[in-house]
Each structure stands twice: as C-alpha cells, then as structure tokens.
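Structure data follow from coords-v4.pdb (PDB, C-alpha atoms):
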ATOM      1  CA  MET A 386       3.926 -14.573 -32.320
ATOM      2  CA  TYR A 387       6.918 -12.730 -30.879
ATOM      3  CA  LYS A 388      10.272 -12.344 -32.657
ATOM      4  CA  ILE A 389      13.521 -11.041 -31.143
ATOM      5  CA  PHE A 390      16.453 -10.065 -33.371
ATOM      6  CA  HIS A 391      20.153 -10.236 -32.566
ATOM      7  CA  ASN A 392      22.026  -8.784 -35.542
ATOM      8  CA  GLU A 393      20.784 -10.898 -38.482
ATOM      9  CA  ARG A 394      19.510 -13.785 -36.316
ATOM     10  CA  PHE A 395      16.169 -14.199 -34.589
ATOM     11  CA  LEU A 396      14.497 -16.114 -31.780
ATOM     12  CA  GLU A 397      10.736 -16.413 -32.105
ATOM     13  CA  VAL A 398       7.904 -17.779 -29.980
ATOM     14  CA  VAL A 399       4.993 -19.164 -32.004
ATOM     15  CA  GLY A 400       1.862 -21.247 -31.505
ATOM     16  CA  LYS A 401       2.192 -23.443 -34.608
ATOM     17  CA  GLU A 402       5.134 -25.341 -36.021
ATOM     18  CA  PRO A 403       6.626 -23.495 -39.021
ATOM     19  CA  LYS A 404       8.118 -25.066 -42.125
ATOM     20  CA  ARG A 405      11.417 -26.715 -41.347
ATOM     21  CA  ASN A 406      14.565 -24.826 -42.281
ATOM     22  CA  SER A 407      18.188 -25.898 -41.967
ATOM     23  CA  ASN A 408      19.072 -22.499 -40.491
ATOM     24  CA  THR A 409      16.534 -22.784 -37.673
ATOM     25  CA  ARG A 410      16.383 -24.967 -34.574
ATOM     26  CA  ILE A 411      12.833 -25.779 -33.480
ATOM     27  CA  ILE A 412      12.004 -26.490 -29.829
ATOM     28  CA  PHE A 413       8.597 -27.667 -28.599
ATOM     29  CA  ASN A 414       7.070 -26.592 -25.269
ATOM     30  CA  PRO A 415      10.350 -26.065 -23.399
ATOM     31  CA  THR A 416      10.695 -25.885 -19.636
ATOM     32  CA  ILE A 417      11.977 -22.692 -17.997
ATOM     33  CA  GLU A 418      15.420 -24.305 -17.779
ATOM     34  CA  GLN A 419      15.349 -25.176 -21.483
ATOM     35  CA  ILE A 420      14.312 -21.609 -22.315
ATOM     36  CA  GLU A 421      17.303 -20.274 -20.370
ATOM     37  CA  LEU A 422      19.593 -22.586 -22.347
ATOM     38  CA  GLU A 423      18.108 -21.531 -25.682
ATOM     39  CA  VAL A 424      18.418 -17.847 -24.773
ATOM     40  CA  PHE A 425      22.057 -18.473 -23.867
ATOM     41  CA  ASN A 426      22.597 -20.167 -27.246
ATOM     42  CA  PHE A 427      20.854 -17.304 -29.030
ATOM     43  CA  ARG A 428      23.064 -14.692 -27.397
ATOM     44  CA  ALA A 429      26.186 -16.642 -28.387
ATOM     45  CA  GLU A 430      27.490 -16.542 -31.930
ATOM     46  CA  ASN A 431      27.235 -20.185 -32.964
ATOM     47  CA  SER A 432      26.268 -22.300 -35.940
ATOM     48  CA  ILE A 433      22.529 -22.119 -35.269
ATOM     49  CA  LYS A 434      21.214 -19.046 -37.055
ATOM     50  CA  ASN A 435      17.637 -18.879 -35.750
ATOM     51  CA  ILE A 436      15.632 -20.466 -32.935
ATOM     52  CA  THR A 437      11.889 -21.126 -33.048
ATOM     53  CA  ILE A 438      10.073 -22.037 -29.844
ATOM     54  CA  VAL A 439       6.683 -23.661 -30.460
ATOM     55  CA  SER A 440       4.421 -23.366 -27.416
ATOM     56  CA  HIS A 441       0.843 -24.186 -26.380
ATOM     57  CA  ASN A 442       0.996 -21.020 -24.247
ATOM     58  CA  VAL A 443       2.762 -18.363 -26.324
ATOM     59  CA  LEU A 444       2.290 -15.523 -23.832
ATOM     60  CA  GLN A 445       3.681 -17.485 -20.864
ATOM     61  CA  THR A 446       6.636 -18.737 -22.887
ATOM     62  CA  TRP A 447       7.318 -15.195 -24.105
ATOM     63  CA  THR A 448       7.254 -13.993 -20.484
ATOM     64  CA  ASN A 449       9.771 -16.682 -19.553
ATOM     65  CA  VAL A 450      12.050 -15.605 -22.422
ATOM     66  CA  CYS A 451      11.871 -11.954 -21.345
ATOM     67  CA  ARG A 452      12.981 -12.815 -17.796
ATOM     68  CA  ASN A 453      16.470 -13.411 -19.160
ATOM     69  CA  PHE A 454      16.921  -9.750 -20.115
ATOM     70  CA  SER A 455      16.667  -6.237 -18.720
ATOM     71  CA  TRP A 456      13.741  -4.469 -20.419
ATOM     72  CA  VAL A 457      14.081  -1.233 -22.413
ATOM     73  CA  GLU A 458      11.370   0.677 -24.299
ATOM     74  CA  ALA A 459      11.837   2.832 -27.387
ATOM     75  CA  ALA A 460       9.528   4.418 -29.960
ATOM     76  CA  GLY A 461       9.770   5.709 -33.499
ATOM     77  CA  GLY A 462       7.967   6.621 -36.673
ATOM     78  CA  LEU A 463       7.359   5.495 -40.210
ATOM     79  CA  VAL A 464       6.944   9.047 -41.495
ATOM     80  CA  VAL A 465       5.394   9.749 -44.918
ATOM     81  CA  ASN A 466       4.889  13.159 -46.536
ATOM     82  CA  GLU A 467       2.175  14.544 -48.832
ATOM     83  CA  GLN A 468       4.021  13.126 -51.862
ATOM     84  CA  ASN A 469       3.992   9.640 -50.326
ATOM     85  CA  GLU A 470       7.754   9.751 -49.723
ATOM     86  CA  LEU A 471       9.288   8.038 -46.693
ATOM     87  CA  LEU A 472      11.602   9.780 -44.206
ATOM     88  CA  VAL A 473      14.802   7.806 -43.579
ATOM     89  CA  ILE A 474      18.020   8.505 -41.701
ATOM     90  CA  PHE A 475      21.553   7.182 -42.237
ATOM     91  CA  ARG A 476      23.249   6.252 -38.961
ATOM     92  CA  ARG A 477      26.385   4.189 -38.368
ATOM     93  CA  GLU A 478      26.593   3.036 -42.000
ATOM     94  CA  ARG A 479      22.980   1.815 -42.108
ATOM     95  CA  TRP A 480      19.655   3.169 -43.270
ATOM     96  CA  ASP A 481      17.323   3.514 -40.329
ATOM     97  CA  LEU A 482      14.099   5.123 -39.147
ATOM     98  CA  PRO A 483      13.927   7.858 -36.497
ATOM     99  CA  LYS A 484      13.491   6.339 -33.048
ATOM    100  CA  GLY A 485      14.790   6.549 -29.487
ATOM    101  CA  HIS A 486      14.280   5.667 -25.842
ATOM    102  CA  VAL A 487      11.030   6.335 -24.023
ATOM    103  CA  ASP A 488      11.845   8.660 -21.128
ATOM    104  CA  ALA A 489      10.532   8.094 -17.593
ATOM    105  CA  GLY A 490       6.887   9.158 -17.344
ATOM    106  CA  GLU A 491       6.596   9.495 -21.124
ATOM    107  CA  SER A 492       4.119   7.573 -23.292
ATOM    108  CA  PRO A 493       5.432   5.719 -26.359
ATOM    109  CA  GLU A 494       3.349   8.031 -28.597
ATOM    110  CA  ILE A 495       4.919  11.186 -27.176
ATOM    111  CA  ALA A 496       8.385   9.600 -27.290
ATOM    112  CA  ALA A 497       7.945   8.676 -30.962
ATOM    113  CA  LEU A 498       6.917  12.238 -31.881
ATOM    114  CA  ARG A 499       9.756  13.736 -29.846
ATOM    115  CA  GLU A 500      12.385  11.445 -31.378
ATOM    116  CA  VAL A 501      11.257  12.182 -34.941
ATOM    117  CA  GLN A 502      11.477  15.914 -34.230
ATOM    118  CA  GLU A 503      14.848  15.703 -32.451
ATOM    119  CA  GLU A 504      16.582  13.361 -34.901
ATOM    120  CA  CYS A 505      15.282  14.952 -38.101
ATOM    121  CA  GLY A 506      14.695  18.606 -37.181
ATOM    122  CA  ILE A 507      11.084  18.624 -38.370
ATOM    123  CA  SER A 508       8.186  20.080 -36.406
ATOM    124  CA  CYS A 509       4.641  18.868 -35.854
ATOM    125  CA  PRO A 510       4.635  15.330 -37.248
ATOM    126  CA  THR A 511       1.231  13.689 -36.772
ATOM    127  CA  ILE A 512       0.535  10.132 -35.621
ATOM    128  CA  ILE A 513      -1.994   8.396 -37.867
ATOM    129  CA  SER A 514      -2.057   4.959 -36.241
ATOM    130  CA  LYS A 515      -0.098   2.453 -34.160
ATOM    131  CA  LEU A 516       1.882   0.182 -36.450
ATOM    132  CA  THR A 517       3.523  -2.648 -34.511
ATOM    133  CA  SER A 518       6.424  -3.370 -32.142
ATOM    134  CA  THR A 519       9.829  -4.845 -32.900
ATOM    135  CA  TYR A 520      12.257  -6.475 -30.476
ATOM    136  CA  HIS A 521      16.031  -6.777 -30.466
ATOM    137  CA  ILE A 522      18.720  -7.549 -27.896
ATOM    138  CA  TYR A 523      22.098  -6.009 -27.176
ATOM    139  CA  PHE A 524      24.850  -6.268 -24.573
ATOM    140  CA  GLN A 525      25.931  -3.204 -22.608
ATOM    141  CA  GLY A 526      27.645  -2.686 -19.276
ATOM    142  CA  LYS A 527      27.732  -6.397 -18.337
ATOM    143  CA  LYS A 528      23.981  -6.800 -19.006
ATOM    144  CA  TRP A 529      21.841  -8.120 -21.814
ATOM    145  CA  PHE A 530      18.954  -5.844 -22.745
ATOM    146  CA  LEU A 531      15.771  -6.608 -24.657
ATOM    147  CA  LYS A 532      14.461  -3.490 -26.386
ATOM    148  CA  GLN A 533      10.867  -3.157 -27.478
ATOM    149  CA  THR A 534      10.401  -0.424 -30.081
ATOM    150  CA  HIS A 535       6.861   0.890 -30.584
ATOM    151  CA  TRP A 536       6.289   2.011 -34.183
ATOM    152  CA  TYR A 537       3.723   4.521 -35.432
ATOM    153  CA  ASN A 538       2.486   5.562 -38.856
ATOM    154  CA  MET A 539       3.093   9.311 -39.117
ATOM    155  CA  GLN A 540       2.622  12.169 -41.559
ATOM    156  CA  SER A 541       4.700  15.300 -42.044
ATOM    157  CA  GLN A 542       5.271  17.980 -44.681
ATOM    158  CA  SER A 543       8.154  17.835 -47.156
ATOM    159  CA  HIS A 544       8.815  21.604 -47.237
ATOM    160  CA  GLN A 545      10.573  21.554 -43.846
ATOM    161  CA  ALA A 546      14.361  21.603 -43.747
ATOM    162  CA  LEU A 547      15.813  18.299 -42.539
ATOM    163  CA  VAL A 548      18.486  18.705 -39.858
ATOM    164  CA  PRO A 549      20.342  15.534 -38.743
ATOM    165  CA  GLN A 550      20.988  15.140 -35.030
ATOM    166  CA  ILE A 551      24.773  14.819 -35.230
ATOM    167  CA  GLU A 552      25.172  13.796 -31.576
ATOM    168  CA  GLU A 553      23.090  10.705 -32.374
ATOM    169  CA  SER A 554      25.515   9.775 -35.185
ATOM    170  CA  ILE A 555      23.015  10.663 -37.925
ATOM    171  CA  SER A 556      24.942  11.684 -41.033
ATOM    172  CA  ASP A 557      22.127  11.936 -43.591
ATOM    173  CA  ILE A 558      18.346  12.391 -43.752
ATOM    174  CA  ARG A 559      16.211  12.258 -46.855
ATOM    175  CA  TRP A 560      12.768  11.647 -48.292
ATOM    176  CA  ILE A 561      12.773   8.543 -50.516
ATOM    177  CA  ASP A 562      10.314   6.669 -52.699
ATOM    178  CA  GLY A 563       9.914   3.031 -53.738
ATOM    179  CA  ALA A 564      12.866   3.237 -56.135
ATOM    180  CA  MET A 565      15.176   3.117 -53.095
ATOM    181  CA  ARG A 566      13.710  -0.153 -51.772
ATOM    182  CA  GLU A 567      16.604  -2.497 -52.601
ATOM    183  CA  VAL A 568      19.256   0.015 -51.529
ATOM    184  CA  VAL A 569      17.597   0.509 -48.147
ATOM    185  CA  LEU A 570      16.832  -3.157 -47.456
ATOM    186  CA  ARG A 571      20.408  -4.179 -48.297
ATOM    187  CA  SER A 572      21.769  -1.786 -45.706
ATOM    188  CA  THR A 573      19.395  -1.774 -42.765
ATOM    189  CA  TYR A 574      18.703  -3.898 -39.688
ATOM    190  CA  ALA A 575      16.900  -7.225 -40.060
ATOM    191  CA  SER A 576      14.417  -6.144 -37.392
ATOM    192  CA  LEU A 577      13.321  -3.217 -39.600
ATOM    193  CA  HIS A 578      12.478  -5.194 -42.739
ATOM    194  CA  THR A 579       8.863  -5.725 -41.680
ATOM    195  CA  ILE A 580       8.518  -2.008 -40.868
ATOM    196  CA  PHE A 581       9.964  -0.874 -44.202
ATOM    197  CA  ASP A 582       7.702  -3.388 -45.954
ATOM    198  CA  ARG A 583       4.702  -1.429 -44.660
ATOM    199  CA  TYR A 584       5.849   1.424 -46.908
ATOM    200  CA  PHE A 585       7.492  -0.367 -49.840
TER     201      PHE A 585
END

Would you mind writing the structure in this file as structure tokens?
Amino acid sequence: MYKIFHNERFLEVVGKEPKRNSNTRIIFNPTIEQIELEVFNFRAENSIKNITIVSHNVLQTWTNVCRNFSWVEAAGGLVVNEQNELLVIFRRERWDLPKGHVDAGESPEIAALREVQEECGISCPTIISKLTSTYHIYFQGKKWFLKQTHWYNMQSQSHQALVPQIEESISDIRWIDGAMREVVLRSTYASLHTIFDRYF
C-alpha cells in the first residue's frame, strides 16, 4: 500500500478493497488516463476528501501515479532519549519531527542524521533502524512535487542543549512523553500520525 497526503486528505493505492466510507472515492483498476484525472481531482480542493485506488498491480499503478509529479526525497528521525522521551520541534504553528531534503550524493541515512543535528543542535544521534516512508505533495514554482520522507528510529542523550534552527522557522524544541500525545496529534500533519504512533 502507498498513501500520499495533501493537507488533511489522502490518495492511496491498495491491493484490496477497503471498507466503504462516504469521505472516500474508490476506483478499481484505472487506466493511465483515469489515474491522471484522479490525481488532478486530488490536487484540487473539492468535495471528495480521499481517493482510494484498488489495483491488481499496486506497484505499476503507484508508478503511474508518481509520473504526475516531480520527485523529491527527504529524511528525518523519530529521536528518543535514555528516558524514553521523544524529540519534537514546533515549526509554523505545528508540532513536527526533525527532517529535511536529501542533498545530491547523500544517502537518506546521512541526511536524516544531518537534519536532526542541524535543526535541533544536538550531536551524535544514532540510527537504530529504518522506520518507514511517508509521502505528501505540494505546489511550488508552477510544479507539483511528490516528497518521499525516509524515517529512522534514532537515539540521543537528553543532557545536550537543544538549539532551534531559526532559519528553518523552528521556534521551539523539547523532549516530551506520552502525556503530550493529544496535544501533538491535534496540531501536527496528517502524514505524521503514523510516525508519532510508533512512539505514543
């Protein structure tokens, strides 16, 4: 299964028909032309909240969806300290996780470590495992982009001073525990709910 977010809405490509929902349009085995139309509808703000494409060939259908966007890669971390607290940042009025673009010639792992260090001011975070990838789209400079963000489980130490990267619009950084779950989930991106759920 693949799921792309656009604000609070999603378009997903799945192999089995999900339960029917009034907020979701379901399409079965679309042609390339039908995929282009559904992507157009997804990018527009209309009455259909979500779109589910059911396909016998999920990978090929996903490839056909991706052709409608310019591809961008990013990477970030779900960082936990020795007290099992989670590192979060506050950026543009939302709780977020440290992440950023993968530079040319850079691996997603190295990019994730670099972004955590740059955005939070901590040194020597450690990758424990690959977590998952999330996808979201955005419009910039007359183009639609599809961003894949690679996520990694990381560890760091809580004694380090946290320094927000102001030029990236980060206004706050803190270590939190499960008591902050509802506060964070109410004010974060829909695409990050599954990542936060790995901690909460």

Take the point (8.9, -1.1, -41.3) in the file's coordinates, draw a sphere of radius 9 Å around it, and report as a PyMOL selection string every protein, DNA or RNA residue with an atom inside or on it, counting only C-alpha atoms. chain A and resi 463+482+516-517+536+576-585

What do you get, as a PyMOL selection string, if you spell out every residue that the PyMOL selection byres ((chain A and resi 539-553) around 6) selects here? chain A and resi 463-466+504-506+510-513+538+554-555

As a PyMOL selection string, please: the residues near His441 in chain A (cut-off 7 Å, all atoms listed in the file, same-chain neighbours under 2 positions excluded). chain A and resi 400+414+443

Written file, previous selection with C-alpha atoms, as a tab-separated table (two decimals), in the frame of the given file:
chain	number	residue	atom	x	y	z
A	400	GLY	CA	1.86	-21.25	-31.50
A	414	ASN	CA	7.07	-26.59	-25.27
A	443	VAL	CA	2.76	-18.36	-26.32

Using only C-alpha atoms, which of A:Asn408, A:Ile561, A:Thr448, A:Glu397 sits nearest Glu423 in chain A? A:Glu397

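Minimum atom-to-atom distances from A:Val450, A:Ile495, A:Ile558, A:Cys509 to Pro483 in chain A were compared using all atoms listed in the file, and the lowest value belongs to A:Ile558.
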
For CA of Tyr574 in chain A and CA of Phe413 in chain A, the interatomic separation in Å (one decimal):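 Pair CA of Tyr574 in chain A / CA of Phe413 in chain A returns 28.1 Å.
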